[in-house]
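Novice: See data-v5.tsv below, with TSV, C-alpha atoms and all ligand atoms.
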chain	number	residue	atom	x	y	z
A	1	MET	CA	108.85	108.13	112.31
A	2	SER	CA	105.62	110.08	112.70
A	3	HIS	CA	101.97	109.76	111.72
A	4	ARG	CA	99.08	112.04	110.84
A	5	LEU	CA	95.42	111.13	111.19
A	6	HIS	CA	92.93	112.26	108.54
A	7	ARG	CA	89.13	111.79	108.65
A	8	GLY	CA	87.47	110.25	105.61
A	9	ASP	CA	90.07	111.09	102.94
A	10	LEU	CA	93.62	112.22	102.26
A	11	PRO	CA	94.13	116.01	102.36
A	12	ASP	CA	93.82	117.89	99.05
A	13	GLY	CA	97.02	118.12	97.04
A	14	LEU	CA	99.07	115.71	99.15
A	15	ARG	CA	101.83	114.11	97.03
A	16	LEU	CA	103.30	110.89	98.35
A	17	GLY	CA	105.64	110.03	95.47
A	18	PRO	CA	105.89	107.27	92.84
A	19	ILE	CA	105.76	104.36	95.31
A	20	VAL	CA	103.22	104.43	98.13
A	21	ALA	CA	103.14	101.81	100.88
A	22	ILE	CA	99.56	100.95	101.91
A	23	ASP	CA	97.95	98.84	104.62
A	24	THR	CA	94.37	98.55	105.85
A	25	GLU	CA	92.68	97.78	109.17
A	26	ALA	CA	89.12	96.47	109.30
A	27	MET	CA	86.63	94.92	111.73
A	28	GLY	CA	87.89	91.48	110.69
A	29	LEU	CA	89.30	89.49	107.79
A	30	ASN	CA	86.13	88.96	105.73
A	31	PRO	CA	85.57	91.78	103.21
A	32	HIS	CA	81.92	90.80	102.74
A	33	ARG	CA	81.23	91.06	106.47
A	34	ASP	CA	83.85	93.28	108.08
A	35	ARG	CA	83.98	96.94	107.27
A	36	LEU	CA	87.09	98.89	106.36
A	37	CYS	CA	88.08	101.22	109.21
A	38	LEU	CA	91.52	102.62	108.43
A	39	VAL	CA	93.86	102.99	105.44
A	40	GLN	CA	97.51	103.72	106.20
A	41	LEU	CA	99.80	105.22	103.56
A	42	SER	CA	103.45	106.23	103.41
A	43	GLY	CA	105.63	107.68	100.66
A	44	GLY	CA	108.70	106.13	102.27
A	45	ASP	CA	109.87	109.26	104.10
A	46	GLY	CA	109.15	107.96	107.61
A	47	GLU	CA	105.75	109.63	107.78
A	48	ALA	CA	102.50	107.66	107.76
A	49	HIS	CA	99.13	109.14	106.76
A	50	LEU	CA	96.21	107.39	108.43
A	51	VAL	CA	92.77	107.78	106.86
A	52	GLN	CA	89.97	106.84	109.25
A	53	PHE	CA	86.49	105.88	107.98
A	54	ALA	CA	83.16	106.06	109.79
A	55	ALA	CA	80.73	103.28	108.84
A	56	GLY	CA	79.24	103.82	105.39
A	57	LEU	CA	81.22	106.98	104.62
A	58	TYR	CA	83.63	105.97	101.87
A	59	GLU	CA	83.52	108.97	99.51
A	60	ALA	CA	87.31	109.67	99.67
A	61	PRO	CA	87.95	111.10	96.17
A	62	GLN	CA	91.64	111.89	96.85
A	63	LEU	CA	92.42	108.40	98.09
A	64	LYS	CA	90.50	106.79	95.22
A	65	ARG	CA	92.45	108.88	92.69
A	66	LEU	CA	95.74	107.72	94.22
A	67	LEU	CA	94.68	104.05	94.19
A	68	ALA	CA	93.70	104.25	90.52
A	69	ASP	CA	96.74	106.33	89.40
A	70	PRO	CA	98.73	104.17	86.93
A	71	ALA	CA	101.87	106.23	87.66
A	72	VAL	CA	101.89	105.31	91.36
A	73	VAL	CA	102.98	101.84	92.50
A	74	LYS	CA	100.92	100.62	95.45
A	75	LEU	CA	103.16	98.65	97.79
A	76	PHE	CA	101.55	96.14	100.19
A	77	HIS	CA	102.40	93.20	102.37
A	78	TYR	CA	99.88	90.53	101.43
A	79	ALA	CA	98.18	92.72	98.83
A	80	ARG	CA	95.53	90.06	98.23
A	81	TYR	CA	93.71	91.05	101.42
A	82	ASP	CA	94.13	94.83	101.20
A	83	LEU	CA	93.14	94.96	97.51
A	84	ALA	CA	89.92	93.09	98.32
A	85	MET	CA	89.08	95.43	101.21
A	86	LEU	CA	89.83	98.56	99.15
A	87	TYR	CA	87.83	97.26	96.19
A	88	ARG	CA	84.86	96.24	98.31
A	89	TYR	CA	84.59	99.54	100.22
A	90	LEU	CA	86.11	102.16	97.90
A	91	GLY	CA	85.18	100.50	94.61
A	92	VAL	CA	88.69	100.90	93.16
A	93	MET	CA	91.08	98.11	92.18
A	94	ALA	CA	94.51	99.51	93.09
A	95	ARG	CA	97.03	99.23	90.23
A	96	PRO	CA	99.92	98.76	89.68
A	97	VAL	CA	100.79	96.68	92.72
A	98	TYR	CA	103.88	95.32	94.49
A	99	CYS	CA	103.50	92.70	97.24
A	100	THR	CA	106.38	92.06	99.65
A	101	LYS	CA	104.89	88.70	100.68
A	102	ILE	CA	104.88	87.34	97.12
A	103	ALA	CA	108.35	88.81	96.54
A	104	SER	CA	109.58	87.04	99.67
A	105	ARG	CA	108.00	83.71	98.68
A	106	LEU	CA	109.70	83.89	95.27
A	107	ALA	CA	113.09	85.17	96.45
A	108	ARG	CA	113.51	83.54	99.86
A	109	THR	CA	112.67	79.90	99.15
A	110	PHE	CA	115.04	78.82	101.95
A	111	SER	CA	112.48	80.15	104.48
A	112	ASP	CA	108.82	79.51	105.23
A	113	ARG	CA	108.60	82.68	107.31
A	114	HIS	CA	107.09	85.38	105.11
A	115	GLY	CA	105.04	87.40	107.63
A	116	LEU	CA	105.67	91.15	107.87
A	117	ARG	CA	107.18	90.70	111.29
A	118	ASP	CA	109.52	87.96	110.00
A	119	LEU	CA	110.65	90.07	107.03
A	120	CYS	CA	111.33	93.14	109.22
A	121	LYS	CA	113.41	90.97	111.54
A	122	ASP	CA	115.26	88.95	108.89
A	123	LEU	CA	115.88	91.64	106.25
A	124	LEU	CA	116.02	94.88	108.28
A	125	ASN	CA	116.81	93.63	111.78
A	126	ILE	CA	113.84	95.60	113.12
A	127	ASP	CA	111.41	94.26	115.73
A	128	VAL	CA	107.80	95.25	115.03
A	129	SER	CA	104.99	94.54	117.47
A	130	LYS	CA	101.79	92.81	116.34
A	131	GLN	CA	100.08	93.55	119.66
A	132	GLN	CA	97.28	95.82	118.38
A	133	GLN	CA	96.52	93.63	115.36
A	134	THR	CA	93.23	92.36	116.77
A	135	SER	CA	92.03	95.54	118.50
A	136	ASP	CA	88.72	97.37	117.78
A	137	TRP	CA	89.51	99.41	114.67
A	138	GLY	CA	85.90	100.60	114.42
A	139	ASN	CA	86.23	102.73	117.54
A	140	PRO	CA	85.78	106.39	116.52
A	141	VAL	CA	88.58	107.31	118.92
A	142	LEU	CA	91.66	105.22	118.20
A	143	SER	CA	94.28	104.97	120.94
A	144	GLU	CA	97.82	106.23	120.53
A	145	GLU	CA	98.98	102.57	120.60
A	146	GLN	CA	96.61	101.66	117.78
A	147	LEU	CA	97.74	104.62	115.66
A	148	ARG	CA	101.41	103.83	116.25
A	149	TYR	CA	100.86	100.17	115.38
A	150	ALA	CA	98.89	101.07	112.24
A	151	ALA	CA	101.64	103.47	111.12
A	152	SER	CA	104.39	100.91	111.74
A	153	ASP	CA	102.74	98.54	109.25
A	154	VAL	CA	103.58	100.86	106.33
A	155	LEU	CA	106.83	102.48	107.50
A	156	HIS	CA	109.16	99.59	106.59
A	157	LEU	CA	107.67	98.42	103.28
A	158	HIS	CA	109.89	100.61	101.08
A	159	ALA	CA	113.06	99.26	102.70
A	160	LEU	CA	111.75	95.70	102.42
A	161	ARG	CA	110.97	96.20	98.74
A	162	SER	CA	114.55	97.37	98.06
A	163	ARG	CA	116.04	94.31	99.73
A	164	LEU	CA	113.59	91.93	98.05
A	165	ASP	CA	114.18	93.49	94.61
A	166	GLU	CA	117.91	92.85	95.01
A	167	MET	CA	117.22	89.21	95.87
A	168	LEU	CA	114.68	88.76	93.05
A	169	ALA	CA	117.17	90.16	90.52
A	170	ARG	CA	119.97	87.99	91.90
A	171	GLU	CA	117.82	84.84	91.62
A	172	GLY	CA	116.45	85.72	88.18
A	173	ARG	CA	112.86	85.97	89.38
A	174	ALA	CA	112.08	89.67	88.94
A	175	GLU	CA	109.92	89.08	85.86
A	176	LEU	CA	108.05	86.22	87.47
A	177	ALA	CA	107.37	88.46	90.47
A	178	ARG	CA	106.11	91.24	88.17
A	179	ALA	CA	103.75	88.80	86.46
A	180	CYS	CA	102.40	87.64	89.84
A	181	PHE	CA	101.83	91.24	90.98
A	182	ASP	CA	100.01	92.01	87.72
A	183	PHE	CA	97.74	88.99	88.25
A	184	LEU	CA	96.78	90.02	91.79
A	185	PRO	CA	93.70	92.10	90.83
A	186	THR	CA	92.32	89.07	88.97
A	187	ARG	CA	93.10	86.81	91.94
A	188	VAL	CA	91.22	89.26	94.18
A	189	LEU	CA	88.19	89.32	91.88
A	190	LEU	CA	88.12	85.51	91.97
A	191	ASP	CA	88.20	85.70	95.80
A	192	LEU	CA	85.30	88.14	95.90
A	193	GLU	CA	83.25	86.40	93.18
A	194	GLY	CA	83.27	83.02	94.94
A	195	TRP	CA	86.52	81.17	94.16
A	196	PRO	CA	88.54	82.01	97.28
A	197	GLU	CA	90.14	78.59	97.75
A	198	GLU	CA	89.98	76.91	94.36
A	199	ASP	CA	93.01	76.78	92.09
A	200	LEU	CA	91.64	77.38	88.60
A	201	PHE	CA	94.91	76.13	87.14
A	202	ALA	CA	94.71	72.75	88.89
A	203	HIS	CA	93.88	69.67	86.83
B	301	MN	MN	98.09	96.27	109.50
Represent the supplied structure as structure tokens.
Ligand code: MN
Specialist:
Amino acid sequence: MSHRLHRGDLPDGLRLGPIVAIDTEAMGLNPHRDRLCLVQLSGGDGEAHLVQFAAGLYEAPQLKRLLADPAVVKLFHYARYDLAMLYRYLGVMARPVYCTKIASRLARTFSDRHGLRDLCKDLLNIDVSKQQQTSDWGNPVLSEEQLRYAASDVLHLHALRSRLDEMLAREGRAELARACFDFLPTRVLLDLEGWPEEDLFAH
């Protein structure tokens, strides 16, 4: 497990493979108010690439290309939030998407614990800390603890996806999961355009 910090964009020519785990850290949870500070990525090889953004500097052509690449699956935990942040600040709707939280909700109906920490514990028997979750991600100099925490948020997503895919297949819900993942960009646009809480399918 290691991490590398990059300023403003991924390095030229970096190949992370067909499935890339992604997480984001921002000044808060509101994409309209709170700026994107860090994007963490991992190809599933135990290495995390951390892209740090200064306020207003969101050029990042390499990262944008990866997010838009239809041949690369973008793997998130609670993609709804990260997709909104990435769309708001980088102007790209990441596609195609896999979300471990939705997969867990569909496959693990015996549980109401679908947080990343819960999934790491229950499916991988790994304890992950959430200690730095609320720290100041806008600081130009991130601490070693912050960087390690940020990296840990993407390092287990590939293993979680494998376990969840097995369960989804076993329970006959793989196609339903796929359909939910494919709808996520639309759900995110509804969030950003003013329907964050409303269920458009309700009576
Ligand atoms: Mn995170």
Novice: 6 Å from ligand MN 301 (chain B) is the threshold here; counting all atoms listed in the file, which polymer residues fall inside it? Answer as a PyMOL selection string.
Specialist: chain A and resi 23-25+150+153
Novice: Please determine, counting all atoms listed in the file, which residue among A:Arg117, A:Arg33, A:His158, A:Arg163 has the shortest atom-to-atom distance to Pro18 of chain A.
Specialist: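 Smallest separation from Pro18 of chain A among the options: A:His158.
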Novice: Distance atom CA of His6 of chain A-atom CA of Asp127 of chain A, one decimal place?
Specialist: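 Computing it gives 26.8 Å between the two atoms.
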Novice: Go ahead and compute the interatomic distance for atom CA of Arg88 of chain A and atom CA of Leu36 of chain A, in Å to one decimal.
Specialist: 8.8 Å
Novice: One number please: atom CA of Ala177 of chain A to atom CA of Ala103 of chain A, in Å, one decimal.
Specialist: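 These two atoms are separated by 6.2 Å.
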Novice: Which residue is closest to Cys180 of chain A? Choose from A:Ala151, A:Val97, A:Val141, A:Leu192 and count all atoms listed in the file.
Specialist: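 Closest candidate: A:Val97.
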Novice: Can you pull out the residues contacting Phe76 of chain A? Cut-off 7 Å, using only C-alpha atoms, and skip same-chain residues under 4 positions away; I want them as a list in words.
Specialist: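 In the requested format, the answer is Ala21, Ile22, Asp23, Tyr98, Cys99 and Thr100 of chain A.
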Novice: For Ala94 of chain A, which of A:Val73, A:Leu50, A:Leu155, A:Cys37 is the closest residue, counting all atoms listed in the file?
Specialist: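 Closest to Ala94 of chain A, using all atoms listed in the file: A:Val73.
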